[in-house]
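Participant: Structure file query-v9.cif, mmCIF, C-alpha atoms; chains and numbers go by the auth columns, is pasted below:
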```cif
data_data
#
loop_
_atom_site.group_PDB
_atom_site.id
_atom_site.type_symbol
_atom_site.label_atom_id
_atom_site.label_comp_id
_atom_site.label_asym_id
_atom_site.label_seq_id
_atom_site.Cartn_x
_atom_site.Cartn_y
_atom_site.Cartn_z
_atom_site.B_iso_or_equiv
_atom_site.auth_seq_id
_atom_site.auth_asym_id
ATOM 1 C CA THR A 1 -119.888 -56.085 -82.915 0.00 651 A
ATOM 2 C CA GLN A 2 -117.193 -53.976 -84.581 0.00 652 A
ATOM 3 C CA LEU A 3 -116.681 -50.435 -83.372 0.00 653 A
ATOM 4 C CA LEU A 4 -116.081 -49.454 -86.996 0.00 654 A
ATOM 5 C CA GLU A 5 -118.217 -51.081 -89.678 0.00 655 A
ATOM 6 C CA GLN A 6 -116.895 -50.923 -93.211 0.00 656 A
ATOM 7 C CA SER A 7 -118.935 -51.547 -96.326 0.00 657 A
ATOM 8 C CA PRO A 8 -118.884 -53.155 -98.707 0.00 658 A
ATOM 9 C CA GLN A 9 -116.593 -55.940 -97.562 0.00 659 A
ATOM 10 C CA PHE A 10 -115.656 -56.827 -101.131 0.00 660 A
ATOM 11 C CA LEU A 11 -115.785 -54.805 -104.321 0.00 661 A
ATOM 12 C CA SER A 12 -114.746 -55.873 -107.790 0.00 662 A
ATOM 13 C CA ILE A 13 -114.918 -53.282 -110.557 0.00 663 A
ATOM 14 C CA GLN A 14 -113.524 -52.525 -113.994 0.00 664 A
ATOM 15 C CA GLU A 15 -110.754 -50.033 -114.601 0.00 665 A
ATOM 16 C CA GLY A 16 -112.152 -46.527 -115.058 0.00 666 A
ATOM 17 C CA GLU A 17 -115.175 -46.948 -112.801 0.00 667 A
ATOM 18 C CA ASN A 18 -115.849 -44.831 -109.729 0.00 668 A
ATOM 19 C CA LEU A 19 -116.483 -46.276 -106.281 0.00 669 A
ATOM 20 C CA THR A 20 -117.221 -45.273 -102.715 0.00 670 A
ATOM 21 C CA VAL A 21 -116.484 -47.234 -99.563 0.00 671 A
ATOM 22 C CA TYR A 22 -117.882 -46.420 -96.154 0.00 672 A
ATOM 23 C CA CYS A 23 -116.789 -46.511 -92.542 0.00 673 A
ATOM 24 C CA ASN A 24 -119.598 -46.156 -90.000 0.00 674 A
ATOM 25 C CA SER A 25 -119.920 -46.146 -86.241 0.00 675 A
ATOM 26 C CA SER A 26 -122.311 -45.137 -83.501 0.00 676 A
ATOM 27 C CA SER A 27 -119.402 -43.522 -81.646 0.00 677 A
ATOM 28 C CA VAL A 28 -117.976 -40.045 -82.095 0.00 678 A
ATOM 29 C CA PHE A 29 -114.296 -39.800 -82.920 0.00 679 A
ATOM 30 C CA SER A 30 -111.794 -36.995 -82.646 0.00 680 A
ATOM 31 C CA SER A 31 -110.278 -38.249 -85.881 0.00 681 A
ATOM 32 C CA LEU A 32 -110.362 -41.133 -88.312 0.00 682 A
ATOM 33 C CA GLN A 33 -107.615 -42.529 -90.468 0.00 683 A
ATOM 34 C CA TRP A 34 -107.658 -44.439 -93.749 0.00 684 A
ATOM 35 C CA TYR A 35 -105.018 -47.017 -94.628 0.00 685 A
ATOM 36 C CA ARG A 36 -104.333 -49.099 -97.724 0.00 686 A
ATOM 37 C CA GLN A 37 -102.794 -52.535 -97.382 0.00 687 A
ATOM 38 C CA GLU A 38 -101.400 -54.513 -100.300 0.00 688 A
ATOM 39 C CA PRO A 39 -101.023 -58.293 -100.152 0.00 689 A
ATOM 40 C CA GLY A 40 -98.013 -59.323 -98.102 0.00 690 A
ATOM 41 C CA GLU A 41 -97.382 -55.834 -96.755 0.00 691 A
ATOM 42 C CA GLY A 42 -98.316 -53.698 -93.782 0.00 692 A
ATOM 43 C CA PRO A 43 -100.927 -50.930 -93.914 0.00 693 A
ATOM 44 C CA VAL A 44 -99.859 -47.545 -95.229 0.00 694 A
ATOM 45 C CA LEU A 45 -101.505 -44.392 -93.942 0.00 695 A
ATOM 46 C CA LEU A 46 -103.391 -42.475 -96.635 0.00 696 A
ATOM 47 C CA VAL A 47 -105.035 -39.676 -94.685 0.00 697 A
ATOM 48 C CA THR A 48 -106.224 -38.466 -91.296 0.00 698 A
ATOM 49 C CA VAL A 49 -109.501 -36.540 -91.077 0.00 699 A
ATOM 50 C CA VAL A 50 -110.066 -34.439 -87.999 0.00 700 A
ATOM 51 C CA THR A 51 -112.831 -31.880 -88.490 0.00 701 A
ATOM 52 C CA GLY A 52 -116.513 -32.782 -88.942 0.00 702 A
ATOM 53 C CA GLY A 53 -117.487 -32.244 -92.577 0.00 703 A
ATOM 54 C CA GLU A 54 -113.860 -32.170 -93.678 0.00 704 A
ATOM 55 C CA VAL A 55 -113.023 -33.229 -97.226 0.00 705 A
ATOM 56 C CA LYS A 56 -109.488 -34.180 -98.212 0.00 706 A
ATOM 57 C CA LYS A 57 -108.280 -35.064 -101.690 0.00 707 A
ATOM 58 C CA LEU A 58 -105.319 -37.224 -102.568 0.00 708 A
ATOM 59 C CA LYS A 59 -105.081 -37.361 -106.371 0.00 709 A
ATOM 60 C CA ARG A 60 -108.072 -39.515 -107.412 0.00 710 A
ATOM 61 C CA LEU A 61 -109.030 -40.296 -103.815 0.00 711 A
ATOM 62 C CA THR A 62 -111.502 -38.119 -101.903 0.00 712 A
ATOM 63 C CA PHE A 63 -111.990 -38.633 -98.172 0.00 713 A
ATOM 64 C CA GLN A 64 -114.883 -37.178 -96.207 0.00 714 A
ATOM 65 C CA PHE A 65 -115.481 -37.055 -92.463 0.00 715 A
ATOM 66 C CA GLY A 66 -119.141 -36.916 -91.443 0.00 716 A
ATOM 67 C CA ASP A 67 -120.520 -33.770 -89.848 0.00 717 A
ATOM 68 C CA ALA A 68 -121.142 -35.645 -86.586 0.00 718 A
ATOM 69 C CA ARG A 69 -117.680 -37.267 -86.731 0.00 719 A
ATOM 70 C CA LYS A 70 -119.204 -40.756 -86.593 0.00 720 A
ATOM 71 C CA ASP A 71 -118.558 -41.863 -90.152 0.00 721 A
ATOM 72 C CA SER A 72 -116.272 -41.414 -93.105 0.00 722 A
ATOM 73 C CA SER A 73 -116.186 -42.270 -96.773 0.00 723 A
ATOM 74 C CA LEU A 74 -113.539 -42.823 -99.411 0.00 724 A
ATOM 75 C CA HIS A 75 -114.371 -42.130 -103.046 0.00 725 A
ATOM 76 C CA ILE A 76 -112.068 -43.217 -105.843 0.00 726 A
ATOM 77 C CA THR A 77 -112.498 -41.688 -109.273 0.00 727 A
ATOM 78 C CA ALA A 78 -111.512 -43.606 -112.410 0.00 728 A
ATOM 79 C CA ALA A 79 -110.122 -46.580 -110.512 0.00 729 A
ATOM 80 C CA GLN A 80 -106.942 -48.203 -111.781 0.00 730 A
ATOM 81 C CA PRO A 81 -105.561 -51.715 -111.219 0.00 731 A
ATOM 82 C CA GLY A 82 -102.936 -50.153 -108.952 0.00 732 A
ATOM 83 C CA ASP A 83 -105.740 -49.183 -106.562 0.00 733 A
ATOM 84 C CA THR A 84 -106.325 -52.866 -105.780 0.00 734 A
ATOM 85 C CA GLY A 85 -105.894 -53.592 -102.102 0.00 735 A
ATOM 86 C CA LEU A 86 -107.499 -53.674 -98.683 0.00 736 A
ATOM 87 C CA TYR A 87 -108.787 -50.304 -97.487 0.00 737 A
ATOM 88 C CA LEU A 88 -109.005 -49.929 -93.726 0.00 738 A
ATOM 89 C CA CYS A 89 -110.423 -47.165 -91.614 0.00 739 A
ATOM 90 C CA ALA A 90 -109.117 -46.760 -88.084 0.00 740 A
ATOM 91 C CA ALA A 91 -109.724 -44.681 -85.000 0.00 741 A
ATOM 92 C CA LEU A 92 -107.248 -43.690 -82.351 0.00 742 A
ATOM 93 C CA ARG A 93 -108.184 -44.648 -78.804 0.00 743 A
ATOM 94 C CA GLY A 94 -106.677 -44.273 -75.407 0.00 744 A
ATOM 95 C CA ALA A 95 -103.815 -42.175 -74.160 0.00 745 A
ATOM 96 C CA GLY A 96 -101.436 -44.370 -76.114 0.00 746 A
ATOM 97 C CA ASN A 97 -103.158 -43.739 -79.454 0.00 747 A
ATOM 98 C CA MET A 98 -103.779 -47.399 -80.137 0.00 748 A
ATOM 99 C CA LEU A 99 -105.553 -47.988 -83.428 0.00 749 A
ATOM 100 C CA THR A 100 -108.924 -49.696 -83.677 0.00 750 A
ATOM 101 C CA PHE A 101 -109.481 -50.880 -87.227 0.00 751 A
ATOM 102 C CA GLY A 102 -112.612 -51.630 -89.185 0.00 752 A
ATOM 103 C CA GLY A 103 -112.940 -54.939 -90.978 0.00 753 A
ATOM 104 C CA GLY A 104 -111.795 -53.441 -94.257 0.00 754 A
ATOM 105 C CA THR A 105 -113.010 -53.252 -97.837 0.00 755 A
ATOM 106 C CA ARG A 106 -111.173 -55.518 -100.226 0.00 756 A
ATOM 107 C CA LEU A 107 -111.071 -53.787 -103.631 0.00 757 A
ATOM 108 C CA MET A 108 -110.121 -55.415 -106.893 0.00 758 A
ATOM 109 C CA VAL A 109 -109.840 -53.301 -110.030 0.00 759 A
ATOM 110 C CA LYS A 110 -109.722 -55.353 -113.216 0.00 760 A
ATOM 111 C CA PRO A 111 -107.918 -54.023 -116.294 0.00 761 A
ATOM 112 C CA ASN B 1 -83.783 -43.933 -93.403 0.00 1266 B
ATOM 113 C CA ALA B 2 -84.944 -47.523 -93.025 0.00 1267 B
ATOM 114 C CA GLY B 3 -88.566 -48.146 -92.199 0.00 1268 B
ATOM 115 C CA VAL B 4 -89.923 -50.532 -89.602 0.00 1269 B
ATOM 116 C CA MET B 5 -88.294 -53.921 -89.983 0.00 1270 B
ATOM 117 C CA GLN B 6 -89.770 -57.225 -88.951 0.00 1271 B
ATOM 118 C CA ASN B 7 -88.244 -60.663 -89.054 0.00 1272 B
ATOM 119 C CA PRO B 8 -88.712 -63.296 -89.931 0.00 1273 B
ATOM 120 C CA ARG B 9 -91.195 -62.483 -92.701 0.00 1274 B
ATOM 121 C CA HIS B 10 -92.527 -66.038 -92.611 0.00 1275 B
ATOM 122 C CA LEU B 11 -92.399 -68.445 -89.692 0.00 1276 B
ATOM 123 C CA VAL B 12 -93.645 -72.019 -89.571 0.00 1277 B
ATOM 124 C CA ARG B 13 -94.049 -73.758 -86.249 0.00 1278 B
ATOM 125 C CA ARG B 14 -95.567 -77.023 -85.113 0.00 1279 B
ATOM 126 C CA ARG B 15 -98.166 -77.059 -82.374 0.00 1280 B
ATOM 127 C CA GLY B 16 -96.521 -76.714 -78.970 0.00 1281 B
ATOM 128 C CA GLN B 17 -93.406 -74.916 -80.199 0.00 1282 B
ATOM 129 C CA GLU B 18 -92.444 -71.337 -79.407 0.00 1283 B
ATOM 130 C CA ALA B 19 -92.576 -68.453 -81.858 0.00 1284 B
ATOM 131 C CA ARG B 20 -90.428 -65.327 -81.511 0.00 1285 B
ATOM 132 C CA LEU B 21 -91.246 -62.341 -83.704 0.00 1286 B
ATOM 133 C CA ARG B 22 -88.892 -59.378 -83.872 0.00 1287 B
ATOM 134 C CA CYS B 23 -89.576 -55.751 -84.679 0.00 1288 B
ATOM 135 C CA SER B 24 -86.999 -53.012 -85.158 0.00 1289 B
ATOM 136 C CA PRO B 25 -88.708 -49.611 -85.062 0.00 1290 B
ATOM 137 C CA MET B 26 -87.815 -46.693 -87.265 0.00 1291 B
ATOM 138 C CA LYS B 27 -84.744 -44.795 -86.153 0.00 1292 B
ATOM 139 C CA GLY B 28 -85.620 -42.399 -83.366 0.00 1293 B
ATOM 140 C CA HIS B 29 -88.935 -44.075 -82.542 0.00 1294 B
ATOM 141 C CA SER B 30 -89.406 -45.238 -78.975 0.00 1295 B
ATOM 142 C CA HIS B 31 -93.031 -46.406 -79.184 0.00 1296 B
ATOM 143 C CA VAL B 32 -93.922 -49.854 -80.553 0.00 1297 B
ATOM 144 C CA TYR B 33 -97.346 -51.354 -81.159 0.00 1298 B
ATOM 145 C CA TRP B 34 -98.148 -54.960 -82.078 0.00 1299 B
ATOM 146 C CA TYR B 35 -101.257 -55.905 -84.054 0.00 1300 B
ATOM 147 C CA ARG B 36 -102.583 -59.256 -85.250 0.00 1301 B
ATOM 148 C CA GLN B 37 -104.470 -59.860 -88.477 0.00 1302 B
ATOM 149 C CA LEU B 38 -106.355 -63.118 -88.758 0.00 1303 B
ATOM 150 C CA PRO B 39 -107.195 -64.389 -92.258 0.00 1304 B
ATOM 151 C CA GLU B 40 -109.812 -62.225 -93.976 0.00 1305 B
ATOM 152 C CA GLU B 41 -110.072 -59.897 -90.966 0.00 1306 B
ATOM 153 C CA GLY B 42 -108.906 -56.429 -90.033 0.00 1307 B
ATOM 154 C CA LEU B 43 -106.064 -55.743 -87.643 0.00 1308 B
ATOM 155 C CA LYS B 44 -106.557 -56.071 -83.900 0.00 1309 B
ATOM 156 C CA PHE B 45 -104.432 -54.221 -81.367 0.00 1310 B
ATOM 157 C CA MET B 46 -102.419 -56.440 -79.026 0.00 1311 B
ATOM 158 C CA VAL B 47 -99.882 -54.449 -77.004 0.00 1312 B
ATOM 159 C CA TYR B 48 -98.229 -51.027 -76.791 0.00 1313 B
ATOM 160 C CA LEU B 49 -94.700 -50.675 -75.451 0.00 1314 B
ATOM 161 C CA GLN B 50 -92.198 -47.962 -74.854 0.00 1315 B
ATOM 162 C CA LYS B 51 -88.566 -48.679 -74.138 0.00 1316 B
ATOM 163 C CA GLU B 52 -88.425 -51.208 -71.259 0.00 1317 B
ATOM 164 C CA ASN B 53 -92.104 -50.667 -70.377 0.00 1318 B
ATOM 165 C CA ILE B 54 -95.411 -52.268 -71.323 0.00 1319 B
ATOM 166 C CA ILE B 55 -97.899 -49.401 -71.474 0.00 1320 B
ATOM 167 C CA ASP B 56 -101.077 -51.172 -72.580 0.00 1321 B
ATOM 168 C CA GLU B 57 -101.529 -54.903 -73.094 0.00 1322 B
ATOM 169 C CA SER B 58 -105.312 -54.935 -73.173 0.00 1323 B
ATOM 170 C CA GLY B 59 -105.376 -56.774 -76.502 0.00 1324 B
ATOM 171 C CA MET B 60 -103.002 -59.566 -75.546 0.00 1325 B
ATOM 172 C CA PRO B 61 -104.351 -63.050 -74.831 0.00 1326 B
ATOM 173 C CA LYS B 62 -103.941 -63.749 -71.140 0.00 1327 B
ATOM 174 C CA GLU B 63 -101.852 -66.862 -71.601 0.00 1328 B
ATOM 175 C CA ARG B 64 -98.901 -67.872 -73.768 0.00 1329 B
ATOM 176 C CA PHE B 65 -98.303 -64.386 -75.220 0.00 1330 B
ATOM 177 C CA SER B 66 -95.714 -61.907 -73.983 0.00 1331 B
ATOM 178 C CA ALA B 67 -93.933 -58.876 -75.365 0.00 1332 B
ATOM 179 C CA GLU B 68 -90.876 -56.861 -74.503 0.00 1333 B
ATOM 180 C CA PHE B 69 -89.020 -53.827 -75.818 0.00 1334 B
ATOM 181 C CA PRO B 70 -85.587 -53.804 -74.177 0.00 1335 B
ATOM 182 C CA LYS B 71 -83.329 -50.809 -73.858 0.00 1336 B
ATOM 183 C CA GLU B 72 -81.152 -52.207 -76.616 0.00 1337 B
ATOM 184 C CA GLY B 73 -82.351 -54.298 -79.511 0.00 1338 B
ATOM 185 C CA PRO B 74 -85.667 -55.016 -81.180 0.00 1339 B
ATOM 186 C CA SER B 75 -89.074 -55.513 -79.646 0.00 1340 B
ATOM 187 C CA ILE B 76 -89.979 -59.192 -79.293 0.00 1341 B
ATOM 188 C CA LEU B 77 -93.428 -60.762 -79.388 0.00 1342 B
ATOM 189 C CA ARG B 78 -93.215 -64.242 -77.935 0.00 1343 B
ATOM 190 C CA ILE B 79 -95.856 -66.930 -78.288 0.00 1344 B
ATOM 191 C CA GLN B 80 -95.349 -70.060 -76.249 0.00 1345 B
ATOM 192 C CA GLN B 81 -96.884 -73.464 -77.040 0.00 1346 B
ATOM 193 C CA VAL B 82 -98.414 -72.258 -80.285 0.00 1347 B
ATOM 194 C CA VAL B 83 -101.784 -73.589 -81.438 0.00 1348 B
ATOM 195 C CA ARG B 84 -103.343 -73.564 -84.910 0.00 1349 B
ATOM 196 C CA GLY B 85 -105.480 -70.573 -83.980 0.00 1350 B
ATOM 197 C CA ASP B 86 -102.311 -68.480 -83.588 0.00 1351 B
ATOM 198 C CA SER B 87 -101.773 -68.648 -87.356 0.00 1352 B
ATOM 199 C CA ALA B 88 -102.020 -65.046 -88.513 0.00 1353 B
ATOM 200 C CA ALA B 89 -100.031 -62.073 -89.741 0.00 1354 B
ATOM 201 C CA TYR B 90 -98.432 -60.110 -86.926 0.00 1355 B
ATOM 202 C CA PHE B 91 -97.617 -56.476 -87.601 0.00 1356 B
ATOM 203 C CA CYS B 92 -95.686 -54.027 -85.543 0.00 1357 B
ATOM 204 C CA ALA B 93 -95.852 -50.280 -85.901 0.00 1358 B
ATOM 205 C CA SER B 94 -93.566 -47.651 -84.496 0.00 1359 B
ATOM 206 C CA SER B 95 -94.223 -44.068 -83.576 0.00 1360 B
ATOM 207 C CA GLN B 96 -92.563 -41.097 -82.010 0.00 1361 B
ATOM 208 C CA LEU B 97 -94.779 -38.032 -81.887 0.00 1362 B
ATOM 209 C CA GLU B 98 -97.492 -38.590 -84.468 0.00 1363 B
ATOM 210 C CA GLY B 99 -98.535 -41.348 -86.804 0.00 1364 B
ATOM 211 C CA GLN B 100 -97.808 -45.051 -86.712 0.00 1365 B
ATOM 212 C CA PHE B 101 -95.622 -46.613 -89.375 0.00 1366 B
ATOM 213 C CA PHE B 102 -96.167 -50.290 -90.010 0.00 1367 B
ATOM 214 C CA GLY B 103 -93.667 -52.994 -90.793 0.00 1368 B
ATOM 215 C CA PRO B 104 -94.239 -55.653 -93.465 0.00 1369 B
ATOM 216 C CA GLY B 105 -95.435 -58.210 -90.942 0.00 1370 B
ATOM 217 C CA THR B 106 -94.519 -61.737 -89.929 0.00 1371 B
ATOM 218 C CA ARG B 107 -96.774 -64.466 -91.240 0.00 1372 B
ATOM 219 C CA LEU B 108 -96.977 -67.248 -88.699 0.00 1373 B
ATOM 220 C CA THR B 109 -98.239 -70.637 -89.778 0.00 1374 B
ATOM 221 C CA VAL B 110 -98.825 -73.285 -87.142 0.00 1375 B
ATOM 222 C CA LEU B 111 -98.955 -76.821 -88.493 0.00 1376 B
#
```
Now, as a test, write the supplied structure out as structure tokens.

Facilitator:
Amino acid sequence: TQLLEQSPQFLSIQEGENLTVYCNSSSVFSSLQWYRQEPGEGPVLLVTVVTGGEVKKLKRLTFQFGDARKDSSLHITAAQPGDTGLYLCAALRGAGNMLTFGGGTRLMVKP
Amino acid sequence: NAGVMQNPRHLVRRRGQEARLRCSPMKGHSHVYWYRQLPEEGLKFMVYLQKENIIDESGMPKERFSAEFPKEGPSILRIQQVVRGDSAAYFCASSQLEGQFFGPGTRLTVL
């Protein structure tokens, strides 16, 4: 059982569509992070959400942290082919801030 | 300011051989984390090191795997007597105060 469950696992959409991906857990977190990983590369940090109910925007990406700090969502408006990639949520754990990742959502945006 | 560097980017080994993966952290970073990503899966934490010390190795397999981060030089993840199940992408991340920055990974293929 994954600590962080991401859904959907795969998503294929047309350019211009909107989408939302989810990261859920039964645990409470002090913060959650979202990463994007392109094929053949390492993950790149997109955002860290810290406060329950927090909403952060990064251009066409909107990140929300649940009120109870157990879940988070990522909404992309007017998706573009450049948004294609693996989206990972992650939680920090332990004194060493090791990252625990969800299984990821693999997004493909077709032109 | 160079990012995290990993080499080699691709490594092919036959069963029973040794694999050595190197990670040079970002300049000024003294914390290194190693993660493994199996095909079609998210990243799993393996080990956290600071200079000359292993801080947390709770994600490391008990046998055949070892890691070091010497006073001088890169961090090394060593896998002895590799098996097919070791085939994966191995990522390191470095950190100083906040945030982990990932390298491009080493893709290990065991024949």

Participant: Evaluated on this file, the PyMOL selection byres ((chain B) within 12 of (chain A)) picks out some residues - which ones are they, written as a short mmCIF file (atom, residue, chain, number, x, y, z; two decimals) with C-alpha atoms, in the coordinates of the input?

Facilitator:
```
data_model
loop_
_atom_site.label_atom_id
_atom_site.label_comp_id
_atom_site.auth_asym_id
_atom_site.auth_seq_id
_atom_site.Cartn_x
_atom_site.Cartn_y
_atom_site.Cartn_z
CA GLY B 1268 -88.57 -48.15 -92.20
CA VAL B 1269 -89.92 -50.53 -89.60
CA MET B 1270 -88.29 -53.92 -89.98
CA GLN B 1271 -89.77 -57.22 -88.95
CA ARG B 1274 -91.20 -62.48 -92.70
CA HIS B 1275 -92.53 -66.04 -92.61
CA HIS B 1296 -93.03 -46.41 -79.18
CA VAL B 1297 -93.92 -49.85 -80.55
CA TYR B 1298 -97.35 -51.35 -81.16
CA TRP B 1299 -98.15 -54.96 -82.08
CA TYR B 1300 -101.26 -55.90 -84.05
CA ARG B 1301 -102.58 -59.26 -85.25
CA GLN B 1302 -104.47 -59.86 -88.48
CA LEU B 1303 -106.36 -63.12 -88.76
CA PRO B 1304 -107.20 -64.39 -92.26
CA GLU B 1305 -109.81 -62.22 -93.98
CA GLU B 1306 -110.07 -59.90 -90.97
CA GLY B 1307 -108.91 -56.43 -90.03
CA LEU B 1308 -106.06 -55.74 -87.64
CA LYS B 1309 -106.56 -56.07 -83.90
CA PHE B 1310 -104.43 -54.22 -81.37
CA MET B 1311 -102.42 -56.44 -79.03
CA VAL B 1312 -99.88 -54.45 -77.00
CA TYR B 1313 -98.23 -51.03 -76.79
CA LEU B 1314 -94.70 -50.68 -75.45
CA GLN B 1315 -92.20 -47.96 -74.85
CA ILE B 1319 -95.41 -52.27 -71.32
CA ILE B 1320 -97.90 -49.40 -71.47
CA ASP B 1321 -101.08 -51.17 -72.58
CA GLU B 1322 -101.53 -54.90 -73.09
CA SER B 1323 -105.31 -54.94 -73.17
CA GLY B 1324 -105.38 -56.77 -76.50
CA ALA B 1353 -102.02 -65.05 -88.51
CA ALA B 1354 -100.03 -62.07 -89.74
CA TYR B 1355 -98.43 -60.11 -86.93
CA PHE B 1356 -97.62 -56.48 -87.60
CA CYS B 1357 -95.69 -54.03 -85.54
CA ALA B 1358 -95.85 -50.28 -85.90
CA SER B 1359 -93.57 -47.65 -84.50
CA SER B 1360 -94.22 -44.07 -83.58
CA GLN B 1361 -92.56 -41.10 -82.01
CA LEU B 1362 -94.78 -38.03 -81.89
CA GLU B 1363 -97.49 -38.59 -84.47
CA GLY B 1364 -98.54 -41.35 -86.80
CA GLN B 1365 -97.81 -45.05 -86.71
CA PHE B 1366 -95.62 -46.61 -89.38
CA PHE B 1367 -96.17 -50.29 -90.01
CA GLY B 1368 -93.67 -52.99 -90.79
CA PRO B 1369 -94.24 -55.65 -93.46
CA GLY B 1370 -95.44 -58.21 -90.94
CA THR B 1371 -94.52 -61.74 -89.93
CA ARG B 1372 -96.77 -64.47 -91.24
#
```

Participant: Give me, as an NGL selection string, all polymer residues having an atom no more than 8 Å from A:Gln664, counting all atoms listed in the file and skipping those fewer than 5 positions away in the same chain.

Facilitator: :A and (729 or 759-761)

Participant: Measure the distance from atom CA of B:Ser1289 to atom CA of B:Met1325 in Å and round it to one decimal.

Facilitator: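 One can read the atom CA of B:Ser1289 to atom CA of B:Met1325 distance as 19.8 Å.
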
Participant: For the file shown, what are the residues hit by the PyMOL selection byres ((chain A and resi 724) around 6), laid out as a PDB file with C-alpha atoms, keeping the file's coordinate frame?

Facilitator:
```pdb
ATOM      1  CA  THR A 670    -117.221 -45.273-102.715  1.00  0.00           C
ATOM      2  CA  VAL A 671    -116.484 -47.234 -99.563  1.00  0.00           C
ATOM      3  CA  THR A 712    -111.502 -38.119-101.903  1.00  0.00           C
ATOM      4  CA  PHE A 713    -111.990 -38.633 -98.172  1.00  0.00           C
ATOM      5  CA  SER A 723    -116.186 -42.270 -96.773  1.00  0.00           C
ATOM      6  CA  HIS A 725    -114.371 -42.130-103.046  1.00  0.00           C
TER       7      HIS A 725
END
```

Participant: Give as a PyMOL selection string every residue, naming chains and numbers as the document does, that has an atom within 12 Å of (-110.2, -51.6, -113.2), counting only C-alpha atoms.

Facilitator: chain A and resi 661-669+726-734+757-761

Participant: Residues picked by the PyMOL selection byres ((chain B and resi 1348) around 12) here, as a ChimeraX atom specification?

Facilitator: /B:1277-1284,1328-1330,1344-1347,1349-1353,1373-1376

Participant: Set up a box along x, y and z of the file covering all listed atoms of stretch 1310-1319 of chain B, add 3 Å on every one of the six sides, and write the centre and edge lengths in Å to one decimal, as JSON.

Facilitator:
```
{"center_x": -96.4, "center_y": -52.2, "center_z": -75.9, "size_x": 22.0, "size_y": 14.5, "size_z": 17.0}
```

Participant: From the list B:Pro1335, B:Asn1318, B:Lys1327, B:Ala1267, which residue is nearest B:Gly1293 when using all atoms listed in the file?

Facilitator: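 When distances to B:Gly1293 are compared using all atoms listed in the file, the smallest one comes from B:Ala1267.
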
Participant: Could you state the separation of atom CA of A:Ser681 and atom CA of B:Lys1316 in Å, given to one decimal place?

Facilitator: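 If I compute the distance from atom CA of A:Ser681 to atom CA of B:Lys1316, I get 26.8 Å.
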
Participant: Work out how far apart atom CA of B:Leu1276 and atom CA of A:Gly735 are and give it in Å to one decimal.

Facilitator: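 Taking atom CA of B:Leu1276 as the start and atom CA of A:Gly735 as the end point, the length is 23.6 Å.
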
Participant: For the point (-119.5, -33.4, -90.2) in file coordinates, what residues are within 7 Å, counting all atoms listed in the file? Give the answer as a PyMOL selection string?

Facilitator: chain A and resi 702-704+715-719
